[in-house]
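The structure appears right after this line, and notes come after that.
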Amino acid sequence: MQDDALASPLALHSRPPSRTRADWLIPAALIALGAIPTLAGIGRLAGLARGVATMEGHARFAADPLPAVLHIVGATTFCVIGALQFSPGLRRNRPRWHRRAGWVLASSGIVAALSGMWMAIVYPAAAVDGPLLRGMRLFVGAAMVAFIFLGVLALRRRDFHAHGRWLTRSYALGIAAGTQALVLIPQALLLDRSETEHGYALSMGAGWIVNVVVAELALRRRRQRAPLETTSLMRAVVHDRYGGPEVLRIEHVPRPKPAAGQVLVFVQAASVNARDYRLLRANPFLVRLYNGLFRPRRSMLGADVAGIVVEIGAGITRLAIGDEIFGEALFADRQGTFAEYVCIREQAIAEKPQSISFIEAAAVPLAGITALQAVRDRAKVRPGQSVLVQGAGGGVGMFLVQIAKAYGAHVTAVCGPGSVELVRSLGADRVLDYTRDDLLFIDQRYDAIFGVNGFRPLGYYRERLMPTGTYVMVGGTNRQLFEALLFGKARFAAGERKIEVLTIDESLRAKDLEEIRGLLVDGRLRVVVDRAFSLEAAAEAFRYAEGGHVRGKVVLTVGEVEACSLALAC
Ligand SMILES: NC(=O)c1ccc[n+]([C@@H]2O[C@H](COP(=O)([O-])OP(=O)(O)OC[C@H]3O[C@@H](n4cnc5c(N)ncnc54)[C@H](OP(=O)(O)O)[C@@H]3O)[C@@H](O)[C@H]2O)c1
């Protein structure tokens with residue numbers, strides 16, 4: 001059962017505004033809160049650089065400036081970058097910035113915390129500093145470091161909510177210098193700086209406590225609102241009319257619920273196939289017969305996916321929450337993988353090999369299954385046979401070359417000049433550049449020919465087949481497709497030559513994915529990803545893929561894990 005709301009254009013109007021007041025108000029308020037200690041720190045740095053006493057206690061720092069300098073630089077960076085991380089719009093619209101800034105934030109936070117502890121130990125106590133305050137400083141510094149580490153650990157185990165919570169807590173401690181200034185300045189003005197050691201320590205402590213309490217209240221509020229913000233809606237690429245990539249846009253749509261036999265997948269990456277831009281453009285026109293005459297009934301695109309199982313429907317036996325998978329959303333389910341979540345049938349999923357990334361895994365399902373069925377079931381390639389792959393540099397082509405090799409064939413691959421080296425590295429025995437070479441081999445005959453996009457007239461392929469050879473039409477122009485379906489048999493009848501117009505046999509999907517997984521695991525199948533785009537850049541990805549000269553596959557990255565795991569690996 002599918003969630004009809006997903007396909008409904010009405011669902012598209014639930015989009016929250018792309019920019020809200022919170023996007024600038026929260027960072028602005030936090031930067032303002034940190035302004036006093038930041039300016040004081042900058043003044044102190046300037047004083048240290050010029051050897052001028054700018055503040056009380058200058059002599060303590062001037063004798064050994066390193067911890068003070070590290071602390072000021074670390075704390076200032078932490079306060080400013082951290083404030084920007086709280087902007088919902090920045091997090092949502094610039095995920096790459098959020099991730100990169102996150103690493104700067106964590107590093108600067110650790111520097112600020114450790115240097116603060118260092119200062120508490122090495123510098124002689126100021127007039128109102130006592131052992132209580134020193135102990136508090138050491139405790140807060142250690143807590144800040146611990147919170148940052150817990151945040152990074154949560155990121156590694158992909159618990160993004162816990163990640164946000166721990167970093168919020170560490171930020172609350174880090175920016176307490178601002179709150180402390182707000183507590184201490186009125187006190188100093190009103191009480192004429194006559195406070196005792198304990199009084200000063202309590203005022204400082206109040207700054208930390210206020211920040212921690214405010215942070216916990218904000219986190220609680222966020223948790224209470226979570227069902228609306230993080231459970232029921234998700235980002236997705238949608239289109240409510242047929243056309244080019246310009247009709248694609250990002251919307252917030254209802255997050256689907258897995259029906260019996262389905263799992264909900266947290267999408268990490270999804271690849272673009274010719275099927276997607278054909279559905280988008282309703283090309284061939286026949287698309288309109290099953291997807292809506294005037295408007296697309298199904299507003300979401302995307303078949304291939306790699307991600308993490310986050311919820312399971314009734315009757316699921318093979319998969320569990322947390323499994324890393326790759327697979328294909330079936331058209332019949334009216335689901336699209338260019339979204340944060342997608343429901344997929346268990347039989348259209350296989351476990352993602354550990355050896356490949358989510359981005360690579362997402363490039364595999366449709367193109368891999370197409371190539372496998374073309375080689376194994378349509379051409380029935382046997383060891384020692386000679387095959388020709390026309391269009392070897394693209395998504396399906398790269399799998400055709402490698403799977404034909406895995407089935408023992410001698411492979412001749414035809415591709416453009418830019419893909420020659422790549423295709424050779426995939427194991428092709430002979431690589432021909434279609435801009436100059438392929439007509440040179442006019443006399444060569446093949447047991448099987450795979451025409452990825454037609455490229456040449458059917459007669460060209462028929463002439464190059466052995467008397468018992470098979471031409472597998474994987475793709476082609478609309479005209480070629482009708483010609484092949486209507487007259488193909490007759491035109492290839494000489495000898496025992498055959499023409500096969502490839503349509504995927506859905507019943508084999510589970511078995512095929514397992515076979516492909518085996519080839520990936522033992523290294524006989526390599527995945528080539530030409531370019532990866534963010535979900536927001538889906539239109540650009542479509543334009544690039546439609547250009548027709550992709551080397552390997554084009555992939556959209558969706559979830560955080562892939563990018564985070566890349567960042568962690570760096
Ligand atoms: N029947 C099915 O069930 C099924 C399933 C999936 C896909 N398909 C079809 O398979 C086709 C290919 O998909 P794809 O994802 O591999 O497309 P693609 O990624 O766009 O690949 C096409 C490749 O062909 C190369 N090329 C362009 N002109 C050529 C020429 N004259 N001779 C040889 N190579 C040429 C291109 O690059 P260079 O020019 O740089 O070499 C490109 O690498 C599509 O038509 C799709 O509809 C069919």
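In the structure tokens, each chain is lettered A, B, ... as it comes, each chain's residues begin at 1, and ligands are numbered from 1 in order of appearance.
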
Quick one: contact table of chain A to ligand 1, 6 Å max, nearest atom pair and distance in Å to one decimal per residue, counting only C-alpha atoms and all ligand atoms, chain and number order, as a tab-separated table?
```
residue	atom	partner	partner_atom_place_in_ligand_line	distance
A:Asn273	CA	ligand 1	15 (O)	5.4
A:Ala274	CA	ligand 1	47 (O)	4.9
A:Arg275	CA	ligand 1	47 (O)	5.9
A:Leu366	CA	ligand 1	6 (C)	5.9
A:Ala367	CA	ligand 1	6 (C)	5.4
A:Thr370	CA	ligand 1	5 (C)	5.0
A:Gln390	CA	ligand 1	33 (C)	4.8
A:Gly391	CA	ligand 1	34 (N)	3.2
A:Gly393	CA	ligand 1	43 (O)	3.9
A:Gly394	CA	ligand 1	43 (O)	3.2
A:Gly395	CA	ligand 1	16 (O)	3.7
A:Val396	CA	ligand 1	16 (O)	3.7
A:Gly397	CA	ligand 1	16 (O)	5.3
A:Val414	CA	ligand 1	33 (C)	5.3
A:Cys415	CA	ligand 1	41 (O)	3.8
A:Gly416	CA	ligand 1	41 (O)	3.4
A:Gly418	CA	ligand 1	40 (O)	5.6
A:Ser419	CA	ligand 1	41 (O)	5.4
A:Tyr434	CA	ligand 1	32 (N)	5.4
A:Val452	CA	ligand 1	11 (C)	4.8
A:Asn453	CA	ligand 1	45 (O)	4.6
A:Phe455	CA	ligand 1	31 (N)	4.9
A:Val474	CA	ligand 1	1 (N)	4.5
A:Gly475	CA	ligand 1	45 (O)	3.7
A:Gly476	CA	ligand 1	45 (O)	5.4
A:Leu502	CA	ligand 1	1 (N)	4.3
A:Thr503	CA	ligand 1	3 (O)	4.2
A:Ile504	CA	ligand 1	3 (O)	4.6
A:Gly548	CA	ligand 1	20 (O)	4.1
A:His549	CA	ligand 1	37 (O)	3.5
A:Val550	CA	ligand 1	43 (O)	4.6
A:Arg551	CA	ligand 1	43 (O)	5.1
```

Fill in: Sel. of alpha helix (DSSP H) residues, range 355-409 of chain A, as a VMD selection string
chain A and resid 358 to 362 365 to 372 395 to 406

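Using only C-alpha atoms, the contacts of Ile321 in chain A at a cut-off of 12 Å, with sequence neighbours closer than 4 positions omitted, comprise Val263, Leu264, Val265, Phe266, Gly307, Ile308, Val309, Val310, Glu311, Ile312, Gly313, Ile316, Thr317 and Ile325 of chain A.
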
Discussion item. Using Å and a single decimal, report how far CA of Ser386 in chain A sits from CA of Phe487 in chain A.
Written reply: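 Separation of CA of Phe487 in chain A and CA of Ser386 in chain A: 25.7 Å.
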
Contacts between range 521-524 of chain A and range 396-440 of chain A, please, where a residue of range 396-440 of chain A counts if it comes within 9 Å (with only C-alpha atoms); show its shortest atom pair and distance in Å to one decimal, rows by chain and ascending number, as a tab-separated table.
```
residue	atom	partner	partner_atom	distance
A:Gln402	CA	A:Arg524	CA	7.2
A:Ile403	CA	A:Arg524	CA	8.2
A:Lys405	CA	A:Arg524	CA	8.8
A:Ala406	CA	A:Arg524	CA	6.8
```

Practice prompt. Using only C-alpha atoms, find the one residue out of A:Pro186, A:Gly454, A:Pro256, A:Pro296 that sits nearest to Gly243 in chain A.
Written response: A:Pro296

What are the closest atom pairs, with distances in Å to one decimal, for each residue of range 234-275 of chain A lying within 12 Å of range 83-99 of chain A, using only C-alpha atoms, rows by chain and rising residue number, as a Markdown table?
```
| residue | atom | partner | partner_atom | distance |
| --- | --- | --- | --- | --- |
| A:Met234 | CA | A:Arg92 | CA | 11.3 |
| A:Arg235 | CA | A:Arg92 | CA | 9.5 |
| A:Ile250 | CA | A:Asn93 | CA | 10.5 |
| A:His252 | CA | A:Arg92 | CA | 11.6 |
```

File of the preceding selection, N, CA, C and O atoms, as a compact mmCIF listing (two decimals), in the first residue's frame:
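Okay, this is what ended up in part-v8.txt:
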```
# COMPACT_ATOMS: atom_id res chain seq x y z
N MET A 234 9.32 15.34 5.18
CA MET A 234 10.69 15.10 4.69
C MET A 234 10.91 15.95 3.44
O MET A 234 9.97 16.37 2.79
N ARG A 235 12.18 16.16 3.11
CA ARG A 235 12.50 16.89 1.89
C ARG A 235 12.47 15.91 0.73
O ARG A 235 12.91 14.77 0.86
N ILE A 250 12.49 21.36 -4.67
CA ILE A 250 12.50 20.67 -3.37
C ILE A 250 11.25 21.09 -2.60
O ILE A 250 10.93 22.27 -2.54
N HIS A 252 8.68 20.02 1.05
CA HIS A 252 8.47 19.17 2.22
C HIS A 252 7.19 18.40 1.99
O HIS A 252 6.14 19.00 1.77
```

Worksheet item: Can you list every residue in range 115-335 of chain A that DSSP puts in strand (DSSP E or B), as a PyMOL selection string?
Response: chain A and resi 233-238+249-254+262-272+300+304-312+324-328

Fill in: Nearest candidate to Thr77 in chain A (options A:Ala59, A:Ile42, A:Val389, A:Leu458; using only C-alpha atoms)
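The closest residue to Thr77 in chain A is A:Ile42.
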